[in-house]
$ cat work00.cif   # mmCIF, C-alpha atoms, pLDDT in the B column; chains and numbers go by the auth columns
data_coords
#
loop_
_atom_site.group_PDB
_atom_site.id
_atom_site.type_symbol
_atom_site.label_atom_id
_atom_site.label_comp_id
_atom_site.label_asym_id
_atom_site.label_seq_id
_atom_site.Cartn_x
_atom_site.Cartn_y
_atom_site.Cartn_z
_atom_site.B_iso_or_equiv
_atom_site.auth_seq_id
_atom_site.auth_asym_id
ATOM 1 C CA MET A 1 -24.722 -57.155 43.095 48.00 425 A
ATOM 2 C CA THR A 2 -21.395 -55.500 43.710 44.00 426 A
ATOM 3 C CA GLY A 3 -19.864 -57.299 40.718 45.00 427 A
ATOM 4 C CA ARG A 4 -22.637 -56.131 38.397 44.00 428 A
ATOM 5 C CA TYR A 5 -22.227 -52.569 39.705 39.00 429 A
ATOM 6 C CA LYS A 6 -18.501 -52.631 38.971 41.00 430 A
ATOM 7 C CA ILE A 7 -19.155 -53.983 35.465 37.00 431 A
ATOM 8 C CA SER A 8 -21.736 -51.235 34.851 42.00 432 A
ATOM 9 C CA ILE A 9 -19.314 -48.522 36.007 36.00 433 A
ATOM 10 C CA SER A 10 -16.555 -49.959 33.819 46.00 434 A
ATOM 11 C CA LYS A 11 -18.813 -49.934 30.747 47.00 435 A
ATOM 12 C CA ARG A 12 -19.838 -46.346 31.402 45.00 436 A
ATOM 13 C CA VAL A 13 -16.192 -45.282 31.775 38.00 437 A
ATOM 14 C CA LEU A 14 -15.287 -47.033 28.527 41.00 438 A
ATOM 15 C CA VAL A 15 -18.155 -45.332 26.707 42.00 439 A
ATOM 16 C CA ILE A 16 -17.130 -41.908 28.033 38.00 440 A
ATOM 17 C CA LEU A 17 -13.478 -42.494 27.124 36.00 441 A
ATOM 18 C CA SER A 18 -14.438 -43.709 23.663 46.00 442 A
ATOM 19 C CA VAL A 19 -16.563 -40.630 23.023 40.00 443 A
ATOM 20 C CA ALA A 20 -13.798 -38.351 24.291 39.00 444 A
ATOM 21 C CA LEU A 21 -11.156 -40.020 22.127 38.00 445 A
ATOM 22 C CA LEU A 22 -13.430 -39.905 19.093 42.00 446 A
ATOM 23 C CA ALA A 23 -14.131 -36.212 19.629 39.00 447 A
ATOM 24 C CA GLY A 24 -10.416 -35.537 20.051 41.00 448 A
ATOM 25 C CA ALA A 25 -9.641 -37.386 16.848 39.00 449 A
ATOM 26 C CA ILE A 26 -12.251 -35.389 14.960 38.00 450 A
ATOM 27 C CA ILE A 27 -10.881 -32.089 16.276 33.00 451 A
ATOM 28 C CA HIS A 28 -7.300 -33.107 15.533 36.00 452 A
ATOM 29 C CA THR A 29 -7.982 -34.248 11.994 36.00 453 A
ATOM 30 C CA SER A 30 -10.345 -31.457 11.036 37.00 454 A
ATOM 31 C CA PRO A 31 -8.615 -29.048 8.642 40.00 455 A
ATOM 32 C CA LYS A 32 -7.822 -25.636 10.070 35.00 456 A
ATOM 33 C CA PRO A 33 -9.663 -22.803 8.378 37.00 457 A
ATOM 34 C CA ALA A 34 -7.542 -21.008 5.814 45.00 458 A
ATOM 35 C CA LEU A 35 -6.404 -17.507 6.619 48.00 459 A
ATOM 36 C CA SER A 36 -8.952 -15.273 4.950 49.00 460 A
ATOM 37 C CA THR A 37 -7.866 -12.500 2.611 51.00 461 A
ATOM 38 C CA THR A 38 -11.413 -11.515 1.712 55.00 462 A
ATOM 39 C CA HIS A 39 -11.833 -7.802 2.040 58.00 463 A
ATOM 40 C CA GLU A 40 -14.342 -6.588 4.591 61.00 464 A
ATOM 41 C CA PRO A 41 -15.700 -3.036 4.595 60.00 465 A
ATOM 42 C CA ALA A 42 -13.639 -0.749 6.787 57.00 466 A
ATOM 43 C CA ARG A 43 -14.800 -0.251 10.346 57.00 467 A
ATOM 44 C CA ILE A 44 -13.279 2.922 11.646 54.00 468 A
ATOM 45 C CA GLY A 45 -13.719 2.065 15.301 51.00 469 A
ATOM 46 C CA ALA A 46 -11.630 -1.063 14.917 49.00 470 A
ATOM 47 C CA ALA A 47 -8.808 0.684 13.087 51.00 471 A
ATOM 48 C CA LEU A 48 -8.534 4.031 14.824 57.00 472 A
ATOM 49 C CA SER A 49 -10.130 5.586 17.869 54.00 473 A
ATOM 50 C CA GLN A 50 -12.293 8.656 17.500 61.00 474 A
ATOM 51 C CA ASN A 51 -9.687 10.670 19.393 59.00 475 A
ATOM 52 C CA LEU A 52 -7.117 9.890 16.717 62.00 476 A
ATOM 53 C CA LEU A 53 -9.572 10.805 13.963 65.00 477 A
ATOM 54 C CA ASN A 54 -9.887 14.230 15.535 68.00 478 A
ATOM 55 C CA THR A 55 -6.108 14.631 15.619 70.00 479 A
ATOM 56 C CA PRO A 56 -4.838 16.510 12.559 73.00 480 A
ATOM 57 C CA VAL A 57 -1.912 15.050 10.676 83.00 481 A
ATOM 58 C CA GLU A 58 0.514 17.356 8.899 88.00 482 A
ATOM 59 C CA TYR A 59 1.514 16.215 5.429 91.00 483 A
ATOM 60 C CA GLU A 60 4.874 18.022 5.374 92.00 484 A
ATOM 61 C CA HIS A 61 6.028 16.957 8.839 93.00 485 A
ATOM 62 C CA GLN A 62 4.370 13.576 9.425 93.00 486 A
ATOM 63 C CA VAL A 63 3.296 12.034 6.121 95.00 487 A
ATOM 64 C CA LYS A 64 5.930 13.164 3.632 96.00 488 A
ATOM 65 C CA PRO A 65 8.875 11.942 5.771 97.00 489 A
ATOM 66 C CA VAL A 66 7.328 8.439 5.921 97.00 490 A
ATOM 67 C CA LEU A 67 6.833 8.378 2.159 97.00 491 A
ATOM 68 C CA GLU A 68 10.386 9.578 1.547 96.00 492 A
ATOM 69 C CA ARG A 69 11.863 7.105 4.016 96.00 493 A
ATOM 70 C CA ARG A 70 9.829 4.023 3.105 96.00 494 A
ATOM 71 C CA CYS A 71 8.199 4.471 -0.311 96.00 495 A
ATOM 72 C CA VAL A 72 10.032 6.678 -2.802 95.00 496 A
ATOM 73 C CA VAL A 73 12.946 4.249 -3.089 93.00 497 A
ATOM 74 C CA CYS A 74 10.640 2.474 -5.575 92.00 498 A
ATOM 75 C CA HIS A 75 7.839 4.988 -6.168 94.00 499 A
ATOM 76 C CA GLY A 76 9.865 8.124 -6.771 93.00 500 A
ATOM 77 C CA CYS A 77 11.158 7.945 -10.329 89.00 501 A
ATOM 78 C CA TYR A 78 9.613 8.348 -13.770 86.00 502 A
ATOM 79 C CA ASP A 79 9.318 4.587 -14.311 86.00 503 A
ATOM 80 C CA ALA A 80 8.009 3.790 -10.820 91.00 504 A
ATOM 81 C CA PRO A 81 5.850 0.638 -10.544 91.00 505 A
ATOM 82 C CA CYS A 82 2.430 1.416 -12.016 93.00 506 A
ATOM 83 C CA GLN A 83 3.782 4.945 -12.609 95.00 507 A
ATOM 84 C CA LEU A 84 2.666 5.670 -9.029 96.00 508 A
ATOM 85 C CA LYS A 85 4.843 8.520 -7.801 96.00 509 A
ATOM 86 C CA LEU A 86 4.685 8.957 -4.028 96.00 510 A
ATOM 87 C CA SER A 87 7.322 11.677 -3.933 95.00 511 A
ATOM 88 C CA SER A 88 4.700 14.430 -4.117 94.00 512 A
ATOM 89 C CA LEU A 89 1.077 14.985 -3.222 93.00 513 A
ATOM 90 C CA GLU A 90 0.280 15.580 -6.888 95.00 514 A
ATOM 91 C CA GLY A 91 1.735 12.190 -7.757 96.00 515 A
ATOM 92 C CA ILE A 92 -0.466 10.468 -5.161 96.00 516 A
ATOM 93 C CA GLN A 93 -3.539 12.267 -6.473 95.00 517 A
ATOM 94 C CA ARG A 94 -2.649 11.365 -10.073 96.00 518 A
ATOM 95 C CA GLY A 95 -2.733 7.676 -9.160 97.00 519 A
ATOM 96 C CA ALA A 96 -1.454 4.694 -11.124 96.00 520 A
ATOM 97 C CA SER A 97 -1.400 3.412 -14.693 95.00 521 A
ATOM 98 C CA GLU A 98 -1.122 0.014 -16.344 92.00 522 A
ATOM 99 C CA GLU A 99 1.083 1.389 -19.131 91.00 523 A
ATOM 100 C CA ARG A 100 4.764 0.593 -18.728 86.00 524 A
ATOM 101 C CA ILE A 101 7.301 3.334 -19.345 86.00 525 A
ATOM 102 C CA TYR A 102 9.865 0.946 -20.808 84.00 526 A
ATOM 103 C CA ASN A 103 8.374 -1.746 -23.011 82.00 527 A
ATOM 104 C CA PRO A 104 10.730 -3.514 -25.456 80.00 528 A
ATOM 105 C CA THR A 105 7.782 -4.888 -27.447 84.00 529 A
ATOM 106 C CA ARG A 106 6.321 -1.454 -28.150 83.00 530 A
ATOM 107 C CA ILE A 107 6.806 -0.345 -31.756 87.00 531 A
ATOM 108 C CA GLU A 108 5.609 3.245 -31.523 87.00 532 A
ATOM 109 C CA ALA A 109 6.589 5.805 -28.923 87.00 533 A
ATOM 110 C CA MET A 110 4.176 6.232 -26.043 88.00 534 A
ATOM 111 C CA GLN A 111 2.578 9.524 -25.189 91.00 535 A
ATOM 112 C CA PRO A 112 4.650 11.046 -22.343 93.00 536 A
ATOM 113 C CA THR A 113 3.174 11.030 -18.840 95.00 537 A
ATOM 114 C CA ARG A 114 5.462 13.506 -17.119 94.00 538 A
ATOM 115 C CA LEU A 115 4.052 14.778 -13.854 95.00 539 A
ATOM 116 C CA PHE A 116 3.402 18.558 -13.838 94.00 540 A
ATOM 117 C CA ILE A 117 4.020 18.703 -17.616 95.00 541 A
ATOM 118 C CA ASP A 118 1.795 16.411 -19.693 96.00 542 A
ATOM 119 C CA ALA A 119 -1.388 16.926 -17.644 96.00 543 A
ATOM 120 C CA LYS A 120 -2.326 19.637 -15.192 92.00 544 A
ATOM 121 C CA SER A 121 -5.228 18.175 -13.209 94.00 545 A
ATOM 122 C CA THR A 122 -6.482 14.894 -11.780 94.00 546 A
ATOM 123 C CA ALA A 123 -9.321 14.880 -14.333 95.00 547 A
ATOM 124 C CA GLU A 124 -6.794 15.110 -17.163 97.00 548 A
ATOM 125 C CA TRP A 125 -4.836 12.171 -15.752 97.00 549 A
ATOM 126 C CA ARG A 126 -8.051 10.125 -15.516 97.00 550 A
ATOM 127 C CA SER A 127 -8.637 10.793 -19.203 96.00 551 A
ATOM 128 C CA ARG A 128 -5.112 9.504 -19.810 95.00 552 A
ATOM 129 C CA GLY A 129 -5.937 6.154 -18.187 95.00 553 A
ATOM 130 C CA PHE A 130 -4.606 6.731 -14.655 97.00 554 A
ATOM 131 C CA HIS A 131 -6.781 5.220 -11.921 96.00 555 A
ATOM 132 C CA PRO A 132 -7.060 6.628 -8.387 96.00 556 A
ATOM 133 C CA VAL A 133 -5.321 5.122 -5.369 97.00 557 A
ATOM 134 C CA LEU A 134 -7.313 7.325 -2.971 96.00 558 A
ATOM 135 C CA ASN A 135 -11.074 7.476 -2.551 95.00 559 A
ATOM 136 C CA GLU A 136 -12.779 9.772 -5.069 94.00 560 A
ATOM 137 C CA THR A 137 -16.374 8.905 -4.158 93.00 561 A
ATOM 138 C CA GLN A 138 -18.364 10.324 -1.253 92.00 562 A
ATOM 139 C CA ASN A 139 -15.996 11.735 1.337 90.00 563 A
ATOM 140 C CA THR A 140 -16.577 9.659 4.490 89.00 564 A
ATOM 141 C CA PRO A 141 -13.970 8.053 6.763 88.00 565 A
ATOM 142 C CA GLU A 142 -15.241 4.587 5.802 90.00 566 A
ATOM 143 C CA ASN A 143 -15.063 5.283 2.069 92.00 567 A
ATOM 144 C CA ASN A 144 -11.679 6.927 2.384 92.00 568 A
ATOM 145 C CA LEU A 145 -10.312 3.624 3.657 93.00 569 A
ATOM 146 C CA ASP A 146 -12.495 1.073 1.900 94.00 570 A
ATOM 147 C CA LYS A 147 -12.122 2.639 -1.553 95.00 571 A
ATOM 148 C CA SER A 148 -8.429 3.453 -1.314 96.00 572 A
ATOM 149 C CA VAL A 149 -6.064 1.098 -3.136 97.00 573 A
ATOM 150 C CA LEU A 150 -3.174 2.672 -1.251 97.00 574 A
ATOM 151 C CA TYR A 151 -4.694 2.030 2.174 96.00 575 A
ATOM 152 C CA ARG A 152 -5.768 -1.515 1.390 96.00 576 A
ATOM 153 C CA LEU A 153 -2.262 -2.456 0.217 96.00 577 A
ATOM 154 C CA LEU A 154 -0.806 -0.940 3.384 96.00 578 A
ATOM 155 C CA LYS A 155 -3.371 -2.871 5.423 95.00 579 A
ATOM 156 C CA LEU A 156 -2.537 -6.099 3.561 95.00 580 A
ATOM 157 C CA LYS A 157 1.047 -5.772 4.781 94.00 581 A
ATOM 158 C CA GLN A 158 -0.201 -5.349 8.351 94.00 582 A
ATOM 159 C CA GLN A 159 -2.360 -8.469 8.018 94.00 583 A
ATOM 160 C CA HIS A 160 0.484 -10.501 6.482 91.00 584 A
ATOM 161 C CA PRO A 161 3.774 -9.140 7.841 91.00 585 A
ATOM 162 C CA GLN A 162 7.096 -9.683 6.156 85.00 586 A
ATOM 163 C CA PRO A 163 8.280 -13.265 6.875 78.00 587 A
ATOM 164 C CA ASP A 164 10.965 -13.286 9.536 77.00 588 A
ATOM 165 C CA SER A 165 13.667 -15.062 7.569 71.00 589 A
ATOM 166 C CA ARG A 166 17.023 -14.324 6.013 75.00 590 A
ATOM 167 C CA GLN A 167 15.756 -14.973 2.500 78.00 591 A
ATOM 168 C CA LEU A 168 12.469 -13.820 0.995 78.00 592 A
ATOM 169 C CA PRO A 169 10.001 -16.551 -0.024 74.00 593 A
ATOM 170 C CA ASP A 170 9.876 -17.494 -3.691 76.00 594 A
ATOM 171 C CA ASP A 171 6.468 -15.831 -3.888 77.00 595 A
ATOM 172 C CA PHE A 172 8.232 -12.469 -4.231 79.00 596 A
ATOM 173 C CA THR A 173 9.375 -11.590 -7.746 80.00 597 A
ATOM 174 C CA LEU A 174 12.248 -9.116 -7.952 75.00 598 A
ATOM 175 C CA ARG A 175 13.617 -9.754 -11.441 72.00 599 A
ATOM 176 C CA LEU A 176 14.029 -6.802 -13.788 70.00 600 A
ATOM 177 C CA ASN A 177 11.897 -8.526 -16.425 71.00 601 A
ATOM 178 C CA ARG A 178 9.248 -9.804 -14.019 71.00 602 A
ATOM 179 C CA GLU A 179 5.597 -9.721 -14.971 74.00 603 A
ATOM 180 C CA GLN A 180 3.998 -6.508 -13.804 76.00 604 A
ATOM 181 C CA THR A 181 0.797 -6.444 -11.733 83.00 605 A
ATOM 182 C CA TYR A 182 -1.537 -3.454 -11.575 86.00 606 A
ATOM 183 C CA PRO A 183 -4.081 -3.834 -8.753 92.00 607 A
ATOM 184 C CA THR A 184 -7.064 -1.531 -9.125 94.00 608 A
ATOM 185 C CA LEU A 185 -10.017 -1.179 -6.804 93.00 609 A
ATOM 186 C CA ASP A 186 -11.981 -3.663 -8.951 94.00 610 A
ATOM 187 C CA SER A 187 -9.203 -6.285 -9.024 94.00 611 A
ATOM 188 C CA LEU A 188 -7.907 -5.820 -5.481 93.00 612 A
ATOM 189 C CA ASP A 189 -9.850 -8.703 -3.904 94.00 613 A
ATOM 190 C CA THR A 190 -8.414 -11.143 -6.439 94.00 614 A
ATOM 191 C CA PHE A 191 -4.947 -9.654 -6.012 92.00 615 A
ATOM 192 C CA THR A 192 -4.976 -10.081 -2.222 93.00 616 A
ATOM 193 C CA ARG A 193 -6.209 -13.675 -2.473 94.00 617 A
ATOM 194 C CA GLU A 194 -3.496 -14.623 -4.955 92.00 618 A
ATOM 195 C CA HIS A 195 -0.680 -12.604 -3.337 91.00 619 A
ATOM 196 C CA PRO A 196 -1.349 -12.125 0.381 92.00 620 A
ATOM 197 C CA LEU A 197 2.321 -11.278 1.043 91.00 621 A
ATOM 198 C CA TRP A 198 2.435 -8.536 -1.566 92.00 622 A
ATOM 199 C CA GLY A 199 1.296 -5.714 0.690 93.00 623 A
ATOM 200 C CA MET A 200 3.147 -2.421 0.739 94.00 624 A
ATOM 201 C CA PRO A 201 6.012 -1.708 1.142 94.00 625 A
ATOM 202 C CA TYR A 202 6.566 -4.625 -1.250 90.00 626 A
ATOM 203 C CA ALA A 203 9.335 -7.065 -0.214 85.00 627 A
ATOM 204 C CA MET A 204 10.498 -4.586 2.422 88.00 628 A
ATOM 205 C CA PRO A 205 10.241 -4.496 6.229 89.00 629 A
ATOM 206 C CA ASP A 206 6.874 -3.616 7.719 93.00 630 A
ATOM 207 C CA LEU A 207 5.945 -0.053 8.558 95.00 631 A
ATOM 208 C CA SER A 208 6.216 0.839 12.205 94.00 632 A
ATOM 209 C CA LYS A 209 2.972 1.421 14.089 93.00 633 A
ATOM 210 C CA GLN A 210 3.561 5.177 14.026 93.00 634 A
ATOM 211 C CA GLU A 211 4.349 5.211 10.291 95.00 635 A
ATOM 212 C CA TYR A 212 1.223 3.193 9.546 95.00 636 A
ATOM 213 C CA ARG A 213 -0.890 5.465 11.741 92.00 637 A
ATOM 214 C CA HIS A 214 0.356 8.645 10.054 93.00 638 A
ATOM 215 C CA LEU A 215 -0.377 7.329 6.560 95.00 639 A
ATOM 216 C CA THR A 216 -3.772 5.973 7.609 93.00 640 A
ATOM 217 C CA LEU A 217 -4.805 9.260 9.206 91.00 641 A
ATOM 218 C CA PHE A 218 -3.716 11.113 6.075 92.00 642 A
ATOM 219 C CA ILE A 219 -5.859 8.832 3.913 93.00 643 A
ATOM 220 C CA ILE A 220 -8.861 8.796 6.202 89.00 644 A
ATOM 221 C CA VAL A 221 -9.320 12.461 7.039 81.00 645 A
ATOM 222 C CA ASP A 222 -6.815 14.886 5.608 60.00 646 A
ATOM 223 C CA TRP A 223 -5.789 14.211 2.049 66.00 647 A
ATOM 224 C CA ARG A 224 -8.623 16.194 0.425 67.00 648 A
ATOM 225 C CA ASP A 225 -7.648 19.246 2.454 63.00 649 A
ATOM 226 C CA HIS A 226 -4.415 19.328 0.475 62.00 650 A
ATOM 227 C CA ALA A 227 -6.038 18.741 -2.939 60.00 651 A
#
$ encode --input "work00.cif" --output "structure tokens"
Amino acid sequence: MTGRYKISISKRVLVILSVALLAGAIIHTSPKPALSTTHEPARIGAALSQNLLNTPVEYEHQVKPVLERRCVVCHGCYDAPCQLKLSSLEGIQRGASEERIYNPTRIEAMQPTRLFIDAKSTAEWRSRGFHPVLNETQNTPENNLDKSVLYRLLKLKQQHPQPDSRQLPDDFTLRLNREQTYPTLDSLDTFTREHPLWGMPYAMPDLSKQEYRHLTLFIIVDWRDHA
């Protein structure tokens, strides 16, 4: 009787161990889910507390210094990427364009797109093919984030920080003759899936938490007050 009991216990232990090992093998060999870059609608509570939303942000003293320190090195000149000039509020409101300033394959001269000169209003720039980087639909905090190309590229950088290495990954293209990309609100989901590391500032160190907060607050609540 004792012998049969020991045999029964041994079989039960073996069965339990086998099940445990099999489960461990399944867990170990199961592929890890890929890091998602699918855009989800903005949830204000998760990004910023209500107290912060009620805190005014001053463009001249809090937003403009961040743009000048971190953004205008690329987005401050006439031939800025996507013609997006972040050196002035009018440039941000004008938005971006797919037309390149310098194009060696162009036969005829392009129509100038000089800020303050060749168009006087946002509507005129839209008629010239510039697309918005800030929300221009219903003015709600959620829309101001969800429908802002500028915010979503800043957020992409927060989701996928700059790799901590001496040399940038090959995914970054910094050649003078590199192929240009022009993410719009309609193409942004595809852009983020294909280039998750290409958040803004592009190929540069991440924004600090305070810098990111100032720009986000400007986009979410205050930018229309300066329009």
$ residues_near_point --input "work00.cif" --point "(-3.7, -5.1, 2.5)" --cutoff "8 Å" --atoms "all atoms listed in the file" --output "PyMOL selection string"
chain A and resi 575-584+616+620+623-624
$ write_last_selection --input "work00.cif" --atoms "C-alpha atoms" --output "mmCIF file, keeping the file's coordinate frame"
data_model
loop_
_atom_site.group_PDB
_atom_site.id
_atom_site.type_symbol
_atom_site.label_atom_id
_atom_site.label_comp_id
_atom_site.auth_asym_id
_atom_site.auth_seq_id
_atom_site.Cartn_x
_atom_site.Cartn_y
_atom_site.Cartn_z
ATOM 1 C CA TYR A 575 -4.694 2.030 2.174
ATOM 2 C CA ARG A 576 -5.768 -1.515 1.390
ATOM 3 C CA LEU A 577 -2.262 -2.456 0.217
ATOM 4 C CA LEU A 578 -0.806 -0.940 3.384
ATOM 5 C CA LYS A 579 -3.371 -2.871 5.423
ATOM 6 C CA LEU A 580 -2.537 -6.099 3.561
ATOM 7 C CA LYS A 581 1.047 -5.772 4.781
ATOM 8 C CA GLN A 582 -0.201 -5.349 8.351
ATOM 9 C CA GLN A 583 -2.360 -8.469 8.018
ATOM 10 C CA HIS A 584 0.484 -10.501 6.482
ATOM 11 C CA THR A 616 -4.976 -10.081 -2.222
ATOM 12 C CA PRO A 620 -1.349 -12.125 0.381
ATOM 13 C CA GLY A 623 1.296 -5.714 0.690
ATOM 14 C CA MET A 624 3.147 -2.421 0.739
#
$ residues_around --input "work00.cif" --residues "stretch 508-510 of chain A" --least-positions-apart "2" --cutoff "6 Å" --atoms "all atoms listed in the file" --output "number ranges by chain"
A: 496, 499-500, 504, 506, 512, 515-516, 519-520
$ closest_residue --input "work00.cif" --among "A:Lys571, A:Lys544, A:Arg599, A:His555" --to "A:Glu522" --atoms "all atoms listed in the file"
A:His555
$ atom_distance --input "work00.cif" --atom1 "atom CA of A:Asp588" --atom2 "atom CA of A:Leu621"
12.3 Å
$ resolve_selection --input "work00.cif" --expression "the PyMOL selection byres ((chain A and resi 570) around 12)" --output "VMD selection string"
chain A and resid 463 to 468 471 557 to 569 571 to 579 609 to 610 612 to 613 640 643 to 644
$ atom_distance --input "work00.cif" --atom1 "atom CA of A:Phe554" --atom2 "atom CA of A:Cys501"
16.4 Å
$ atom_distance --input "work00.cif" --atom1 "atom CA of A:Gln586" --atom2 "atom CA of A:Tyr626"
9.0 Å
$ residues_around --input "work00.cif" --residues "A:Phe642" --least-positions-apart "2" --cutoff "9 Å" --atoms "all atoms listed in the file" --output "NGL selection string"
:A and (480-483 or 487 or 637-640 or 644-647)
$ write_last_selection --input "work00.cif" --atoms "C-alpha atoms" --output "compact mmCIF listing (two decimals), keeping the file's coordinate frame"
# COMPACT_ATOMS: atom_id res chain seq x y z
CA PRO A 480 -4.84 16.51 12.56
CA VAL A 481 -1.91 15.05 10.68
CA GLU A 482 0.51 17.36 8.90
CA TYR A 483 1.51 16.22 5.43
CA VAL A 487 3.30 12.03 6.12
CA ARG A 637 -0.89 5.46 11.74
CA HIS A 638 0.36 8.64 10.05
CA LEU A 639 -0.38 7.33 6.56
CA THR A 640 -3.77 5.97 7.61
CA ILE A 644 -8.86 8.80 6.20
CA VAL A 645 -9.32 12.46 7.04
CA ASP A 646 -6.82 14.89 5.61
CA TRP A 647 -5.79 14.21 2.05
$ axis_aligned_box --input "work00.cif" --around "stretch 535-552 of chain A" --padding-each-side "3 Å" --output "JSON"
{"center_x": -1.9, "center_y": 14.6, "center_z": -18.5, "size_x": 20.8, "size_y": 16.1, "size_z": 19.4}
$ closest_residue --input "work00.cif" --among "A:Ser551, A:Gln507, A:Asn527, A:Gln517" --to "A:Leu600" --atoms "only C-alpha atoms"
A:Asn527
